[in-house]
>>> print(open('structure.txt').read())   # compact mmCIF, C-alpha atoms and all ligand atoms
# COMPACT_ATOMS: atom_id res chain seq x y z
CA GLU A 1 -68.35 -134.45 32.59
CA PRO A 2 -67.51 -136.51 29.51
CA LEU A 3 -65.30 -134.83 26.95
CA PRO A 4 -66.98 -133.83 23.70
CA LEU A 5 -66.43 -136.54 21.07
CA ALA A 6 -63.43 -135.74 18.91
CA GLU A 7 -64.90 -135.92 15.44
CA THR A 8 -61.61 -136.40 13.71
CA PHE A 9 -57.99 -137.15 14.36
CA ARG A 10 -55.71 -134.30 13.35
CA TYR A 11 -52.44 -134.03 11.49
CA ALA A 12 -51.23 -131.48 14.04
CA ASP A 13 -51.41 -134.22 16.70
CA LEU A 14 -49.50 -136.77 14.59
CA LYS A 15 -46.73 -138.49 16.53
CA THR A 16 -44.01 -140.23 14.56
CA THR A 17 -41.75 -143.02 15.73
CA LEU A 18 -39.26 -143.99 13.04
CA ALA A 19 -38.09 -147.56 12.60
CA GLU A 20 -34.65 -148.40 14.01
CA PRO A 21 -32.05 -149.26 11.38
CA HIS A 22 -32.31 -152.99 12.23
CA GLN A 23 -36.08 -152.85 11.61
CA LEU A 24 -35.73 -151.56 8.04
CA ARG A 25 -36.63 -154.09 5.38
CA LEU A 26 -34.85 -154.85 2.15
CA LYS A 27 -36.56 -153.21 -0.78
CA PRO A 28 -37.52 -155.83 -3.34
CA ASP A 29 -36.78 -155.86 -7.04
CA VAL A 30 -40.08 -154.51 -8.38
CA SER A 31 -39.83 -156.53 -11.57
CA GLU A 32 -40.53 -159.62 -9.46
CA LEU A 33 -43.21 -158.12 -7.27
CA LYS A 34 -46.56 -159.77 -6.82
CA PHE A 35 -49.34 -157.49 -5.59
CA GLY A 36 -49.76 -157.16 -1.84
CA GLN A 37 -46.92 -159.37 -0.63
CA ILE A 38 -44.37 -156.91 0.67
CA PHE A 39 -45.00 -153.93 2.92
CA THR A 40 -43.00 -150.82 3.72
CA ASP A 41 -41.24 -149.88 6.96
CA HIS A 42 -43.97 -147.77 8.55
CA MET A 43 -47.71 -147.62 9.07
CA LEU A 44 -50.23 -145.02 10.19
CA LYS A 45 -52.71 -145.70 12.93
CA ALA A 46 -55.35 -143.92 14.96
CA PHE A 47 -57.69 -145.32 17.58
CA TYR A 48 -61.24 -144.25 18.24
CA HIS A 49 -62.69 -144.84 21.70
CA GLU A 50 -66.11 -143.48 22.43
CA ALA A 51 -65.41 -143.81 26.16
CA LEU A 52 -62.32 -141.59 25.79
CA GLY A 53 -64.07 -138.91 23.78
CA GLY A 54 -63.63 -140.19 20.23
CA TRP A 55 -60.59 -140.09 17.97
CA GLN A 56 -57.21 -140.31 19.66
CA LYS A 57 -53.96 -138.85 18.36
CA PRO A 58 -52.77 -140.44 15.11
CA GLU A 59 -49.38 -142.12 15.02
CA ILE A 60 -46.85 -143.23 12.45
CA ILE A 61 -44.97 -146.22 13.78
CA PRO A 62 -42.71 -149.00 12.49
CA PHE A 63 -44.78 -151.62 10.64
CA GLU A 64 -46.07 -154.15 13.17
CA ASN A 65 -48.72 -156.78 13.76
CA ILE A 66 -51.90 -155.64 15.42
CA SER A 67 -53.33 -157.28 18.48
CA LEU A 68 -57.09 -157.77 18.76
CA HIS A 69 -59.54 -159.17 21.28
CA PRO A 70 -60.84 -162.49 19.89
CA ALA A 71 -64.39 -161.08 20.09
CA ALA A 72 -63.47 -157.95 18.11
CA LYS A 73 -66.45 -157.04 15.93
CA VAL A 74 -64.35 -156.96 12.79
CA LEU A 75 -63.53 -160.65 13.20
CA HIS A 76 -67.14 -161.79 13.57
CA TYR A 77 -69.41 -159.37 11.74
CA ALA A 78 -66.98 -157.85 9.23
CA VAL A 79 -67.38 -154.41 10.77
CA GLU A 80 -64.71 -152.98 8.53
CA LEU A 81 -63.96 -151.10 5.34
CA PHE A 82 -60.93 -150.32 3.24
CA GLU A 83 -59.63 -148.16 0.43
CA GLY A 84 -57.13 -148.58 -2.36
CA LEU A 85 -55.16 -145.82 -4.05
CA LYS A 86 -51.69 -145.37 -5.43
CA ALA A 87 -48.65 -143.11 -5.28
CA PHE A 88 -46.45 -142.80 -8.36
CA ARG A 89 -42.89 -141.57 -8.86
CA GLY A 90 -43.11 -139.04 -11.66
CA VAL A 91 -40.68 -138.33 -14.48
CA ASP A 92 -39.58 -135.33 -12.41
CA GLY A 93 -38.75 -137.60 -9.47
CA ARG A 94 -41.63 -136.23 -7.40
CA VAL A 95 -44.25 -138.48 -5.84
CA ARG A 96 -47.91 -137.98 -6.73
CA VAL A 97 -51.09 -139.58 -5.42
CA PHE A 98 -54.01 -139.93 -7.82
CA ARG A 99 -57.18 -138.11 -6.68
CA PRO A 100 -56.86 -139.11 -3.00
CA ASP A 101 -59.74 -136.80 -2.02
CA MET A 102 -62.10 -139.17 -3.85
CA ASN A 103 -60.89 -142.15 -1.83
CA MET A 104 -61.15 -140.25 1.45
CA HIS A 105 -64.72 -139.30 0.60
CA ARG A 106 -65.61 -142.90 -0.31
CA MET A 107 -63.97 -144.12 2.89
CA ASN A 108 -66.23 -141.88 4.96
CA LEU A 109 -69.29 -143.15 3.07
CA SER A 110 -68.23 -146.74 3.81
CA ALA A 111 -67.71 -145.82 7.48
CA LYS A 112 -71.30 -144.62 7.75
CA THR A 113 -72.53 -147.90 6.24
CA SER A 114 -70.74 -149.91 8.92
CA GLY A 115 -71.51 -147.60 11.85
CA LEU A 116 -67.81 -146.79 12.08
CA PRO A 117 -66.55 -143.30 12.95
CA THR A 118 -66.02 -140.79 10.17
CA PHE A 119 -63.15 -138.31 10.07
CA ASP A 120 -61.99 -135.19 8.27
CA SER A 121 -60.74 -136.18 4.82
CA GLU A 122 -58.16 -133.39 4.69
CA GLU A 123 -56.64 -134.34 8.04
CA MET A 124 -56.43 -137.97 6.92
CA LEU A 125 -54.84 -136.97 3.64
CA LYS A 126 -52.19 -134.90 5.42
CA CYS A 127 -51.36 -137.91 7.63
CA LEU A 128 -51.21 -140.17 4.55
CA LYS A 129 -48.88 -137.80 2.73
CA ARG A 130 -46.58 -137.78 5.75
CA LEU A 131 -46.54 -141.59 5.85
CA ILE A 132 -45.72 -141.76 2.13
CA ALA A 133 -43.02 -139.12 2.53
CA ILE A 134 -41.39 -141.14 5.31
CA ASP A 135 -41.44 -144.31 3.18
CA GLN A 136 -40.82 -142.46 -0.10
CA GLU A 137 -37.86 -144.63 -1.04
CA TRP A 138 -40.41 -147.44 -1.31
CA VAL A 139 -42.14 -145.70 -4.20
CA PRO A 140 -40.50 -147.69 -7.00
CA HIS A 141 -38.30 -145.89 -9.50
CA ALA A 142 -39.24 -148.27 -12.31
CA GLU A 143 -41.58 -147.05 -15.03
CA GLY A 144 -45.13 -148.32 -14.60
CA SER A 145 -44.71 -149.35 -10.97
CA SER A 146 -46.24 -147.64 -7.95
CA LEU A 147 -46.86 -147.70 -4.23
CA TYR A 148 -50.27 -149.09 -3.28
CA ILE A 149 -51.93 -147.42 -0.29
CA ARG A 150 -54.38 -149.41 1.81
CA PRO A 151 -56.28 -147.34 4.40
CA THR A 152 -58.42 -149.56 6.60
CA LEU A 153 -60.94 -148.99 9.38
CA ILE A 154 -62.06 -151.80 11.69
CA GLY A 155 -64.45 -152.15 14.61
CA ILE A 156 -62.48 -153.51 17.58
CA ASP A 157 -64.95 -153.75 20.47
CA GLY A 158 -64.21 -157.04 22.21
CA THR A 159 -67.87 -157.91 22.58
CA LEU A 160 -70.04 -160.36 20.67
CA GLY A 161 -73.37 -159.16 19.33
CA VAL A 162 -74.17 -157.32 16.13
CA ALA A 163 -74.06 -153.72 17.29
CA GLN A 164 -72.19 -150.53 16.63
CA SER A 165 -68.57 -150.75 17.67
CA GLU A 166 -67.70 -148.16 20.28
CA SER A 167 -64.05 -148.44 19.48
CA ALA A 168 -62.31 -148.60 16.17
CA LEU A 169 -58.86 -148.63 14.64
CA MET A 170 -57.87 -146.83 11.47
CA PHE A 171 -54.60 -148.05 10.02
CA THR A 172 -52.88 -147.57 6.69
CA ILE A 173 -50.26 -149.84 5.19
CA LEU A 174 -48.28 -149.43 1.97
CA CYS A 175 -46.92 -151.91 -0.55
CA PRO A 176 -44.82 -151.43 -3.67
CA VAL A 177 -46.32 -152.93 -6.83
CA GLY A 178 -44.62 -153.72 -10.12
CA ASN A 179 -45.56 -152.81 -13.66
CA TYR A 180 -49.04 -154.00 -14.46
CA PHE A 181 -48.46 -153.67 -18.17
CA SER A 182 -46.07 -156.49 -18.83
CA SER A 183 -45.45 -157.21 -22.50
CA GLY A 184 -47.94 -159.14 -24.60
CA SER A 185 -51.70 -158.93 -24.66
CA ASP A 186 -53.26 -158.37 -21.26
CA ALA A 187 -56.87 -158.82 -22.42
CA VAL A 188 -58.86 -160.93 -19.97
CA SER A 189 -61.41 -163.71 -20.31
CA LEU A 190 -64.53 -163.56 -18.13
CA LEU A 191 -67.06 -165.90 -16.57
CA ALA A 192 -70.60 -164.44 -16.67
CA ASP A 193 -72.75 -166.80 -14.60
CA PRO A 194 -76.21 -165.43 -13.66
CA THR A 195 -76.34 -167.87 -10.72
CA TYR A 196 -74.26 -165.42 -8.70
CA ALA A 197 -74.60 -161.78 -7.67
CA ARG A 198 -72.11 -159.59 -5.80
CA ALA A 199 -74.59 -156.83 -4.95
CA TRP A 200 -78.33 -156.20 -4.89
CA PRO A 201 -80.76 -153.30 -4.40
CA GLY A 202 -80.84 -152.21 -0.79
CA GLY A 203 -77.48 -153.85 -0.12
CA CYS A 204 -74.10 -152.18 0.10
CA GLY A 205 -72.41 -153.07 -3.18
CA ASP A 206 -71.65 -149.38 -3.58
CA ARG A 207 -69.43 -149.33 -0.49
CA LYS A 208 -65.92 -150.67 -0.07
CA VAL A 209 -66.70 -152.94 2.89
CA GLY A 210 -64.88 -156.24 3.31
CA SER A 211 -68.12 -158.21 3.43
CA ASN A 212 -68.57 -157.50 -0.30
CA TYR A 213 -65.35 -159.30 -1.15
CA GLY A 214 -64.89 -162.49 0.90
CA PRO A 215 -67.97 -164.21 -0.57
CA THR A 216 -66.80 -163.58 -4.15
CA ILE A 217 -63.82 -165.91 -3.80
CA ARG A 218 -65.78 -169.08 -4.57
CA VAL A 219 -67.01 -167.56 -7.84
CA GLN A 220 -63.52 -166.39 -8.78
CA LYS A 221 -62.32 -169.96 -8.10
CA LYS A 222 -65.01 -171.33 -10.40
CA ALA A 223 -63.84 -169.00 -13.16
CA SER A 224 -60.21 -170.01 -12.62
CA LYS A 225 -61.12 -173.70 -12.78
CA ARG A 226 -62.57 -173.08 -16.22
CA GLY A 227 -59.44 -171.25 -17.32
CA LEU A 228 -61.14 -167.84 -17.14
CA GLN A 229 -59.44 -164.89 -15.47
CA GLN A 230 -62.19 -162.77 -13.95
CA VAL A 231 -65.85 -162.79 -13.01
CA LEU A 232 -68.33 -160.61 -14.88
CA TRP A 233 -70.90 -159.83 -12.22
CA LEU A 234 -74.49 -159.95 -13.46
CA TYR A 235 -77.66 -158.87 -11.71
CA GLY A 236 -81.36 -159.54 -12.23
CA ASP A 237 -83.53 -161.55 -14.60
CA ASP A 238 -82.31 -159.47 -17.52
CA HIS A 239 -78.67 -160.28 -16.66
CA GLN A 240 -77.50 -156.71 -16.20
CA VAL A 241 -73.77 -156.27 -16.40
CA THR A 242 -72.56 -154.57 -13.21
CA GLU A 243 -68.82 -154.96 -12.59
CA VAL A 244 -65.89 -157.11 -13.63
CA GLY A 245 -63.78 -158.68 -10.87
CA THR A 246 -63.03 -155.67 -8.67
CA MET A 247 -63.34 -153.20 -11.51
CA ASN A 248 -66.05 -151.06 -13.06
CA ILE A 249 -66.97 -151.88 -16.63
CA PHE A 250 -67.15 -149.86 -19.85
CA MET A 251 -68.43 -150.69 -23.33
CA PHE A 252 -67.55 -148.73 -26.48
CA TYR A 253 -69.94 -149.40 -29.35
CA ILE A 254 -71.82 -147.98 -32.32
CA ASN A 255 -75.32 -146.91 -31.34
CA GLU A 256 -78.57 -147.08 -33.32
CA ASP A 257 -77.75 -143.75 -34.94
CA GLY A 258 -74.42 -145.10 -36.18
CA GLU A 259 -72.45 -142.98 -33.69
CA LYS A 260 -69.71 -144.18 -31.36
CA GLU A 261 -70.76 -144.17 -27.73
CA LEU A 262 -69.03 -145.01 -24.44
CA VAL A 263 -71.38 -146.54 -21.90
CA THR A 264 -70.99 -147.65 -18.29
CA PRO A 265 -73.63 -148.83 -15.79
CA PRO A 266 -75.13 -146.11 -13.58
CA LEU A 267 -74.41 -145.71 -9.85
CA ASN A 268 -77.65 -147.42 -8.83
CA GLY A 269 -76.40 -148.99 -5.61
CA LEU A 270 -75.08 -152.16 -7.28
CA ILE A 271 -71.84 -150.55 -8.36
CA LEU A 272 -68.81 -149.24 -6.51
CA PRO A 273 -68.29 -145.58 -7.44
CA GLY A 274 -64.80 -146.09 -8.85
CA VAL A 275 -62.33 -143.22 -8.91
CA THR A 276 -61.04 -144.49 -12.25
CA ARG A 277 -64.62 -144.77 -13.55
CA ALA A 278 -65.39 -141.16 -12.63
CA SER A 279 -62.10 -140.01 -14.15
CA ILE A 280 -62.72 -141.84 -17.44
CA ILE A 281 -66.25 -140.40 -17.72
CA GLN A 282 -64.99 -136.86 -17.09
CA MET A 283 -62.04 -137.21 -19.46
CA ALA A 284 -64.13 -138.68 -22.27
CA GLN A 285 -66.74 -135.95 -21.85
CA GLU A 286 -64.00 -133.32 -22.10
CA TRP A 287 -62.61 -134.94 -25.26
CA GLY A 288 -66.07 -134.67 -26.81
CA ASP A 289 -65.24 -137.22 -29.54
CA PHE A 290 -68.21 -139.46 -28.77
CA ARG A 291 -71.25 -139.68 -26.53
CA VAL A 292 -70.67 -140.78 -22.92
CA VAL A 293 -73.68 -142.43 -21.30
CA GLN A 294 -74.40 -143.98 -17.90
CA ARG A 295 -77.12 -146.60 -18.34
CA THR A 296 -77.83 -150.27 -17.78
CA ILE A 297 -76.13 -152.78 -20.10
CA THR A 298 -77.59 -156.29 -20.40
CA MET A 299 -76.04 -159.51 -21.70
CA ASN A 300 -78.74 -159.63 -24.40
CA GLU A 301 -77.56 -156.29 -25.68
CA ILE A 302 -73.95 -157.48 -25.81
CA VAL A 303 -74.98 -160.60 -27.78
CA LEU A 304 -76.99 -158.46 -30.21
CA LEU A 305 -74.25 -155.84 -30.69
CA LEU A 306 -71.73 -158.60 -31.41
CA LYS A 307 -74.08 -160.12 -33.98
CA GLU A 308 -74.42 -156.74 -35.70
CA ASN A 309 -70.68 -156.01 -35.49
CA ARG A 310 -71.42 -152.88 -33.46
CA LEU A 311 -69.50 -153.78 -30.30
CA LEU A 312 -66.02 -152.24 -30.46
CA GLU A 313 -64.44 -152.59 -27.02
CA MET A 314 -65.14 -153.64 -23.46
CA PHE A 315 -62.81 -152.93 -20.57
CA GLY A 316 -62.67 -152.88 -16.80
CA SER A 317 -61.43 -149.83 -14.87
CA GLY A 318 -59.76 -149.63 -11.49
CA THR A 319 -56.80 -148.40 -9.49
CA ALA A 320 -54.90 -151.68 -9.91
CA CYS A 321 -54.58 -151.62 -13.70
CA ILE A 322 -56.19 -148.33 -14.84
CA VAL A 323 -57.99 -150.18 -17.66
CA SER A 324 -58.08 -153.87 -18.40
CA PRO A 325 -59.24 -154.86 -21.91
CA ILE A 326 -61.76 -157.71 -22.18
CA ALA A 327 -61.15 -160.42 -24.80
CA SER A 328 -63.99 -162.87 -24.17
CA ILE A 329 -67.04 -163.67 -22.04
CA SER A 330 -68.20 -167.19 -21.24
CA TYR A 331 -71.99 -166.87 -20.96
CA LEU A 332 -74.60 -169.65 -20.81
CA GLY A 333 -72.38 -172.15 -22.58
CA ASN A 334 -71.19 -169.75 -25.32
CA LEU A 335 -67.85 -168.04 -25.61
CA LEU A 336 -68.47 -164.48 -26.78
CA ARG A 337 -65.38 -163.04 -28.41
CA ILE A 338 -65.02 -159.30 -27.74
CA PRO A 339 -62.85 -157.51 -30.34
CA THR A 340 -61.34 -155.03 -27.83
CA ASN A 341 -57.77 -155.75 -28.82
CA GLU A 342 -58.42 -155.91 -32.55
CA HIS A 343 -58.41 -152.21 -33.39
CA SER A 344 -55.37 -150.22 -34.44
CA ALA A 345 -55.93 -147.31 -32.04
CA PRO A 346 -58.31 -148.60 -29.38
CA LEU A 347 -60.05 -146.24 -26.98
CA PHE A 348 -58.92 -148.22 -23.94
CA LYS A 349 -55.31 -147.46 -24.85
CA LYS A 350 -55.95 -143.76 -25.27
CA ILE A 351 -57.58 -143.69 -21.82
CA ARG A 352 -54.76 -145.72 -20.28
CA ASP A 353 -52.10 -143.46 -21.81
CA GLN A 354 -53.84 -140.30 -20.63
CA LEU A 355 -54.27 -141.44 -17.02
CA TYR A 356 -50.74 -142.82 -17.01
CA ALA A 357 -49.41 -139.45 -18.20
CA ILE A 358 -51.21 -137.69 -15.33
CA GLN A 359 -50.09 -140.23 -12.72
CA TYR A 360 -46.42 -140.13 -13.72
CA GLY A 361 -46.34 -136.35 -14.12
CA HIS A 362 -45.81 -136.35 -17.89
CA ILE A 363 -48.59 -133.78 -17.92
CA LYS A 364 -49.40 -131.44 -15.07
CA HIS A 365 -52.94 -132.05 -13.88
CA PRO A 366 -54.87 -131.36 -10.66
CA TRP A 367 -55.61 -135.10 -10.32
CA GLY A 368 -51.94 -135.78 -9.65
CA VAL A 369 -51.57 -134.58 -6.04
CA LEU A 370 -47.98 -134.00 -4.94
CA VAL A 371 -46.88 -135.60 -1.67
N1 LIG B 1 -65.41 -152.08 -8.23
C1 LIG B 1 -64.99 -152.74 -7.15
C2 LIG B 1 -65.87 -153.80 -6.56
C3 LIG B 1 -63.74 -152.44 -6.58
O1 LIG B 1 -63.31 -153.10 -5.49
C4 LIG B 1 -62.94 -151.45 -7.19
C5 LIG B 1 -61.57 -151.14 -6.62
N2 LIG B 1 -61.67 -150.15 -5.62
C6 LIG B 1 -63.42 -150.78 -8.32
C7 LIG B 1 -64.67 -151.12 -8.81
C8 LIG B 1 -62.63 -149.70 -8.99
O2 LIG B 1 -62.56 -148.56 -8.19
P1 LIG B 1 -61.34 -147.55 -8.30
O3 LIG B 1 -61.34 -147.03 -9.69
O4 LIG B 1 -61.65 -146.49 -7.30
O5 LIG B 1 -60.12 -148.33 -7.99
>>> encode(input="structure.txt", output="C-alpha cells", more="lines below")
Ligand code: PMP
Amino acid sequence: EPLPLAETFRYADLKTTLAEPHQLRLKPDVSELKFGQIFTDHMLKAFYHEALGGWQKPEIIPFENISLHPAAKVLHYAVELFEGLKAFRGVDGRVRVFRPDMNMHRMNLSAKTSGLPTFDSEEMLKCLKRLIAIDQEWVPHAEGSSLYIRPTLIGIDGTLGVAQSESALMFTILCPVGNYFSSGSDAVSLLADPTYARAWPGGCGDRKVGSNYGPTIRVQKKASKRGLQQVLWLYGDDHQVTEVGTMNIFMFYINEDGEKELVTPPLNGLILPGVTRASIIQMAQEWGDFRVVQRTITMNEIVLLLKENRLLEMFGSGTACIVSPIASISYLGNLLRIPTNEHSAPLFKKIRDQLYAIQYGHIKHPWGVLV
C-alpha cells in the first residue's frame, strides 16, 4: 500500500545540523556588499519524492553545493520558481520579515504553474524563521541594509522529456545586502523598446518562474550598451507599460479633473503581483490624499501628460529597493525626461519612508513580522 502523499513538509519535523566552527564564514563589511554575492552559513532544504509519499522532512544544514542529475528537469525545461523577500534588523534590535505570507502565497501559485508540489505556507514560514534565527548575526546592523531571503523550488527528476517532475527540491538561501539608498540621486534611466515583451496574455508573466527572467538579459544588455539602467517592458500595439526591470511601475499625475492620482497597471496576467505594489496601493488608499487607480498606462499617455505638464512622478516598486524613482525613458528615438526627482516633497519619498519605518520597526505594524 503506498503511503498517502504528504501534502506539506512540517516545522515539527525540522532537523537542524549546525555548521562546525571551521565552516563558519567571515561576515563581510556591508558597506562594500554587492547584491547576491555572499551567502550565510546555513540553508534550508526539503525534498519531495512522489514515490516516497510526497514531502520529506525539512532540514537546516550548513550551506553547501547541491548535486543534480544532468537530466534534472530544472536544467532543461526551467521547471523551477523562486521568491525574494527580506529580513531587517529593527531599531529595537529585533529582526522582522516584511509580509512573508504574501511571498509564501505567491510561491505556491508559481508552483502550480510549473507542476511543482505546493506546501503549507505557515509551515514554510516557521522553517524560514528558524533559518533566519540561526543565521541572525548575518542580518546586518547597518541602517538601510538587510538580509535577502531566496526560497527556491526546482524539479529534479533525472529524466528528459517535458513532463511533471515527480521529485523536487525546495531550498532557501540567505544573503546580506547593503544600503540601497547610497547618497546622491538614484533616479534611473529606462529603455522602452516595443520590439521586446517579457510577458503576454496566456503566458506566465504573473508568476515568479525562472523562465521569465533568463530571456530578459539580452534586452537589459541592450539598455546598458546605450547607457540606460533598466528596461521598461511594453506590451501590445498600443505600447502598454507593464513593468520596469524586475519591478512594478507606478505613475503619479494630474488627471482630467485636475486631481492628483496614483496609477499602476492592473494584474491582468502580464504583471507580477508585487508585494511592494500591493502594499503601496493599500497604504495610499488608507492615506486618502489622492485617487489610487489600477488601469492600463500607455506610452502615448505618458507623452501627452508630459506635454501638458501633468506627469508628476514615475517609480518602480520592489523588494530590492522599495521604490526606485524614474528620471528618463528612451522611447522611439526620443528621450522623455520624467520630473520625478524635481519636486520638493515627492510621493515616492513618502512611500519609501513609510515602508522603511515599518521594515525597521520605527513604527509597529502587522506587516513587520518578528522572527
Ligand atoms: N516584477 C517582477 C518581474 C519581479 O521580479 C519583482 C520582484 N519580485 C517585482 C515585480 C516586485 O515584486 P515584489 O514587490 O514582491 O518584490
>>> residues_around(input="structure.txt", residues="region 290-301 of chain A", least_positions_apart="4", cutoff="8 Å", atoms="only C-alpha atoms", output="VMD selection string")
chain A and resid 238 to 242 259 to 266 281 284 to 285 305
>>> residues_around(input="structure.txt", residues="Asp157 (chain A)", least_positions_apart="5", cutoff="7 Å", atoms="all atoms listed in the file", output="short mmCIF file (atom, residue, chain, number, x, y, z; two decimals) with C-alpha atoms, keeping the file's coordinate frame")
data_model
loop_
_atom_site.label_atom_id
_atom_site.label_comp_id
_atom_site.auth_asym_id
_atom_site.auth_seq_id
_atom_site.Cartn_x
_atom_site.Cartn_y
_atom_site.Cartn_z
CA ALA A 72 -63.47 -157.95 18.11
CA LYS A 73 -66.45 -157.04 15.93
CA SER A 165 -68.57 -150.75 17.67
CA GLU A 166 -67.70 -148.16 20.28
CA SER A 167 -64.05 -148.44 19.48
#
>>> closest_residue(input="structure.txt", among="A:Ile154, A:Leu26, A:Cys127, A:Ile149", to="ligand LIG 1 (chain B)", atoms="only C-alpha atoms and all ligand atoms")
A:Ile149
>>> residues_around(input="structure.txt", residues="Lys86 (chain A)", least_positions_apart="2", cutoff="9 Å", atoms="only C-alpha atoms", output="VMD selection string")
chain A and resid 84 88 96 to 98 100 146 to 150 319 to 320
>>> residues_near_ligand(input="structure.txt", ligand="ligand LIG 1 (chain B)", cutoff="6 Å", atoms="only C-alpha atoms and all ligand atoms", output="number ranges by chain")
A: 84, 246-248, 272, 274-277, 317-319
>>> closest_residue(input="structure.txt", among="A:Thr16, A:Ile156, A:Lys57, A:Cys321", to="Phe35 (chain A)", atoms="only C-alpha atoms")
A:Cys321
>>> atom_distance(input="structure.txt", atom1="CA of Leu24 (chain A)", atom2="CA of Asp41 (chain A)")
5.9 Å
>>> residues_near_point(input="structure.txt", point="(-73.9, -153.6, -7.0)", cutoff="6 Å", atoms="all atoms listed in the file", output="number ranges by chain")
A: 199-200, 205-206, 269-271
>>> axis_aligned_box(input="structure.txt", around="region 220-236 of chain A", padding_each_side="6 Å", output="AutoDock Vina command-line options")
--center_x -70.4 --center_y -166.3 --center_z -12.7 --size_x 33.9 --size_y 26.8 --size_z 21.2
>>> atom_distance(input="structure.txt", atom1="CA of Gly316 (chain A)", atom2="CA of Asn334 (chain A)")
20.7 Å
>>> atom_distance(input="structure.txt", atom1="CA of Val371 (chain A)", atom2="CA of Leu116 (chain A)")
27.4 Å
>>> residues_around(input="structure.txt", residues="Phe82 (chain A)", least_positions_apart="5", cutoff="12 Å", atoms="all atoms listed in the file", output="PyMOL selection string")
chain A and resi 103-111+114+116+149-154+169-173+207-213
>>> write_last_selection(input="structure.txt", atoms="C-alpha atoms", output="mmCIF file, in the coordinates of the input")
data_model
loop_
_atom_site.group_PDB
_atom_site.id
_atom_site.type_symbol
_atom_site.label_atom_id
_atom_site.label_comp_id
_atom_site.auth_asym_id
_atom_site.auth_seq_id
_atom_site.Cartn_x
_atom_site.Cartn_y
_atom_site.Cartn_z
ATOM 1 C CA ASN A 103 -60.890 -142.150 -1.830
ATOM 2 C CA MET A 104 -61.150 -140.250 1.450
ATOM 3 C CA HIS A 105 -64.720 -139.300 0.600
ATOM 4 C CA ARG A 106 -65.610 -142.900 -0.310
ATOM 5 C CA MET A 107 -63.970 -144.120 2.890
ATOM 6 C CA ASN A 108 -66.230 -141.880 4.960
ATOM 7 C CA LEU A 109 -69.290 -143.150 3.070
ATOM 8 C CA SER A 110 -68.230 -146.740 3.810
ATOM 9 C CA ALA A 111 -67.710 -145.820 7.480
ATOM 10 C CA SER A 114 -70.740 -149.910 8.920
ATOM 11 C CA LEU A 116 -67.810 -146.790 12.080
ATOM 12 C CA ILE A 149 -51.930 -147.420 -0.290
ATOM 13 C CA ARG A 150 -54.380 -149.410 1.810
ATOM 14 C CA PRO A 151 -56.280 -147.340 4.400
ATOM 15 C CA THR A 152 -58.420 -149.560 6.600
ATOM 16 C CA LEU A 153 -60.940 -148.990 9.380
ATOM 17 C CA ILE A 154 -62.060 -151.800 11.690
ATOM 18 C CA LEU A 169 -58.860 -148.630 14.640
ATOM 19 C CA MET A 170 -57.870 -146.830 11.470
ATOM 20 C CA PHE A 171 -54.600 -148.050 10.020
ATOM 21 C CA THR A 172 -52.880 -147.570 6.690
ATOM 22 C CA ILE A 173 -50.260 -149.840 5.190
ATOM 23 C CA ARG A 207 -69.430 -149.330 -0.490
ATOM 24 C CA LYS A 208 -65.920 -150.670 -0.070
ATOM 25 C CA VAL A 209 -66.700 -152.940 2.890
ATOM 26 C CA GLY A 210 -64.880 -156.240 3.310
ATOM 27 C CA SER A 211 -68.120 -158.210 3.430
ATOM 28 C CA ASN A 212 -68.570 -157.500 -0.300
ATOM 29 C CA TYR A 213 -65.350 -159.300 -1.150
#
>>> residues_around(input="structure.txt", residues="Ile38 (chain A)", least_positions_apart="5", cutoff="10 Å", atoms="all atoms listed in the file", output="PyMOL selection string")
chain A and resi 25-28+33+174-177
>>> closest_residue(input="structure.txt", among="A:Val30, A:Arg99, A:Met43, A:Glu83", to="Pro366 (chain A)", atoms="only C-alpha atoms")
A:Arg99
>>> closest_residue(input="structure.txt", among="A:Ile254, A:Ala87, A:Ile326, A:Leu228", to="Leu370 (chain A)", atoms="only C-alpha atoms")
A:Ala87
>>> closest_residue(input="structure.txt", among="A:His76, A:Pro325, A:His141, A:Glu308", to="Asp186 (chain A)", atoms="all atoms listed in the file")
A:Pro325
>>> residues_near_point(input="structure.txt", point="(-46.3, -153.4, 8.9)", cutoff="7 Å", atoms="all atoms listed in the file", output="PyMOL selection string")
chain A and resi 39-43+62-65+173
